[in-house]
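Data block below; observations after.
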Amino acid sequence: MDDSTIVEQFKALGDPVRWAIVRELRAGTRCACELADVADVSPPLLSHHLKVLREAGLIAGAKRGRWIDYT
């Protein structure tokens, strides 16, 4: 892992909403609907936060029908 990857991960974790999502996912896989309750943000904003975390390599998403499960 190079320094730029680590910097991007720290930037991603620097936001309180994203930190709450990562903390929740430590307990196991959650669907986006469960993460919405934890994050307490609008669906479009939740989608943005999840995208930032995915792009930083901190979480992964797997489609299950019309839902996405995150780990």
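Chain lettering (A, B, ...) mirrors the order of the structure tokens, residue numbering begins at 1 for each chain separately, and ligand numbering begins at 1 in order of display.
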If you count only C-alpha atoms, which residues fall within 7 Å of stretch 53-63 of chain A, apart from same-chain ones fewer than 4 positions away, as a ChimeraX atom specification?
/A:8-9,12,49,67-71
Contact residues around A:Ile21 with only C-alpha atoms at 12 Å, ignoring same-chain residues under 5 positions, as a CSV table (one decimal) with N, CA, C and O atoms, in the first residue's frame:
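Written output follows (out_9.csv):
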chain,number,residue,atom,x,y,z
A,12,ALA,N,-11.0,9.8,4.0
A,12,ALA,CA,-12.4,9.2,4.0
A,12,ALA,C,-12.9,9.1,5.4
A,12,ALA,O,-14.0,9.3,5.7
A,13,LEU,N,-12.0,8.7,6.3
A,13,LEU,CA,-12.4,8.4,7.7
A,13,LEU,C,-12.5,9.7,8.5
A,13,LEU,O,-13.0,9.7,9.6
A,14,GLY,N,-12.0,10.8,7.9
A,14,GLY,CA,-12.1,12.1,8.7
A,14,GLY,C,-13.5,12.7,8.8
A,14,GLY,O,-13.7,13.6,9.6
A,15,ASP,N,-14.4,12.2,8.1
A,15,ASP,CA,-15.8,12.7,8.2
A,15,ASP,C,-16.6,11.9,9.2
A,15,ASP,O,-16.5,10.6,9.2
A,16,PRO,N,-17.3,12.5,10.1
A,16,PRO,CA,-18.0,11.8,11.2
A,16,PRO,C,-19.0,10.8,10.7
A,16,PRO,O,-19.2,9.7,11.3
A,26,ARG,N,-18.0,-2.7,11.4
A,26,ARG,CA,-17.1,-3.6,12.1
A,26,ARG,C,-17.9,-4.8,12.7
A,26,ARG,O,-17.3,-5.8,12.9
A,27,ALA,N,-19.2,-4.6,13.0
A,27,ALA,CA,-20.0,-5.6,13.6
A,27,ALA,C,-20.5,-6.6,12.6
A,27,ALA,O,-21.0,-7.7,13.0
A,28,GLY,N,-20.3,-6.4,11.3
A,28,GLY,CA,-20.7,-7.3,10.3
A,28,GLY,C,-21.3,-6.6,9.1
A,28,GLY,O,-21.5,-5.4,9.1
A,29,THR,N,-21.8,-7.4,8.2
A,29,THR,CA,-22.4,-6.9,6.9
A,29,THR,C,-23.7,-6.2,7.2
A,29,THR,O,-24.5,-6.7,8.0
A,30,ARG,N,-24.0,-5.1,6.6
A,30,ARG,CA,-25.2,-4.4,6.7
A,30,ARG,C,-25.7,-3.9,5.4
A,30,ARG,O,-24.9,-3.6,4.5
A,31,CYS,N,-27.0,-3.9,5.2
A,31,CYS,CA,-27.6,-3.3,4.0
A,31,CYS,C,-27.6,-1.8,4.1
A,31,CYS,O,-27.5,-1.2,5.2
A,32,ALA,N,-27.7,-1.1,2.9
A,32,ALA,CA,-27.7,0.3,2.9
A,32,ALA,C,-28.9,0.9,3.8
A,32,ALA,O,-28.7,1.9,4.4
A,33,CYS,N,-30.0,0.2,3.8
A,33,CYS,CA,-31.2,0.6,4.6
A,33,CYS,C,-30.8,0.7,6.1
A,33,CYS,O,-31.2,1.6,6.8
A,34,GLU,N,-30.0,-0.2,6.6
A,34,GLU,CA,-29.6,-0.2,8.0
A,34,GLU,C,-28.6,0.9,8.2
A,34,GLU,O,-28.6,1.5,9.3
A,35,LEU,N,-27.7,1.1,7.3
A,35,LEU,CA,-26.7,2.2,7.4
A,35,LEU,C,-27.3,3.6,7.4
A,35,LEU,O,-26.8,4.5,8.0
A,36,ALA,N,-28.5,3.7,6.7
A,36,ALA,CA,-29.2,5.0,6.7
A,36,ALA,C,-29.6,5.4,8.1
A,36,ALA,O,-29.5,6.6,8.4
A,37,ASP,N,-30.0,4.4,8.9
A,37,ASP,CA,-30.4,4.7,10.3
A,37,ASP,C,-29.2,5.2,11.1
A,37,ASP,O,-29.3,6.1,11.9
A,38,VAL,N,-28.1,4.6,10.9
A,38,VAL,CA,-26.8,5.0,11.6
A,38,VAL,C,-26.3,6.3,11.2
A,38,VAL,O,-26.0,7.2,12.0
A,39,ALA,N,-26.3,6.6,9.9
A,39,ALA,CA,-25.7,7.8,9.3
A,39,ALA,C,-26.6,9.0,9.5
A,39,ALA,O,-26.1,10.1,9.7
A,40,ASP,N,-27.9,8.8,9.6
A,40,ASP,CA,-28.9,9.9,9.8
A,40,ASP,C,-28.7,11.0,8.8
A,40,ASP,O,-28.6,12.2,9.1
A,41,VAL,N,-28.6,10.6,7.5
A,41,VAL,CA,-28.5,11.6,6.4
A,41,VAL,C,-29.5,11.2,5.3
A,41,VAL,O,-30.0,10.1,5.3
A,46,LEU,N,-26.1,9.6,1.8
A,46,LEU,CA,-25.6,8.3,2.2
A,46,LEU,C,-24.8,7.7,1.0
A,46,LEU,O,-23.8,7.1,1.2
A,47,SER,N,-25.4,7.7,-0.1
A,47,SER,CA,-24.8,7.1,-1.3
A,47,SER,C,-23.5,7.7,-1.6
A,47,SER,O,-22.5,7.0,-1.9
A,49,HIS,N,-21.4,9.1,0.6
A,49,HIS,CA,-20.5,8.7,1.7
A,49,HIS,C,-20.0,7.3,1.4
A,49,HIS,O,-18.8,6.9,1.6
A,50,LEU,N,-20.9,6.4,1.0
A,50,LEU,CA,-20.6,5.0,0.7
A,50,LEU,C,-19.6,4.9,-0.5
A,50,LEU,O,-18.7,4.1,-0.5
A,51,LYS,N,-19.9,5.8,-1.5
A,51,LYS,CA,-19.0,5.8,-2.6
A,51,LYS,C,-17.6,6.2,-2.2
A,51,LYS,O,-16.6,5.6,-2.7
A,52,VAL,N,-17.4,7.2,-1.4
A,52,VAL,CA,-16.1,7.7,-0.9
A,52,VAL,C,-15.4,6.5,-0.2
A,52,VAL,O,-14.2,6.3,-0.4
A,53,LEU,N,-16.1,5.8,0.7
A,53,LEU,CA,-15.5,4.7,1.4
A,53,LEU,C,-15.1,3.6,0.5
A,53,LEU,O,-14.1,3.0,0.7
A,54,ARG,N,-16.0,3.3,-0.5
A,54,ARG,CA,-15.6,2.2,-1.5
A,54,ARG,C,-14.4,2.6,-2.3
A,54,ARG,O,-13.5,1.7,-2.5
A,58,LEU,N,-12.0,1.0,1.7
A,58,LEU,CA,-12.4,0.7,3.1
A,58,LEU,C,-13.6,-0.2,3.3
A,58,LEU,O,-13.7,-0.9,4.3
A,59,ILE,N,-14.5,-0.2,2.3
A,59,ILE,CA,-15.6,-1.1,2.4
A,59,ILE,C,-15.8,-1.7,1.0
A,59,ILE,O,-15.3,-1.2,0.0
A,70,TYR,N,-23.1,-4.1,2.5
A,70,TYR,CA,-21.8,-3.6,2.6
A,70,TYR,C,-21.0,-4.3,3.7
A,70,TYR,O,-21.6,-4.7,4.7
A,71,THR,N,-19.7,-4.5,3.5
A,71,THR,CA,-18.9,-5.1,4.5
A,71,THR,C,-17.6,-4.2,4.6
A,71,THR,O,-17.3,-3.5,3.8
Quick check for you: according to DSSP on this backbone, which residues of chain A are classed as alpha helix (DSSP H)? Reply as a PyMOL selection string.
chain A and resi 3-13+16-25+32-39+43-55
Please identify the strand (DSSP E) residues within stretch 5-71 of chain A (assignment by DSSP from backbone atoms) and present them as a list in words.
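For stretch 5-71 of chain A, the strand (DSSP E) set is Arg30, Cys31, Gly61, Ala62, Lys63, Arg64, Trp67, Ile68, Asp69 and Tyr70 of chain A.
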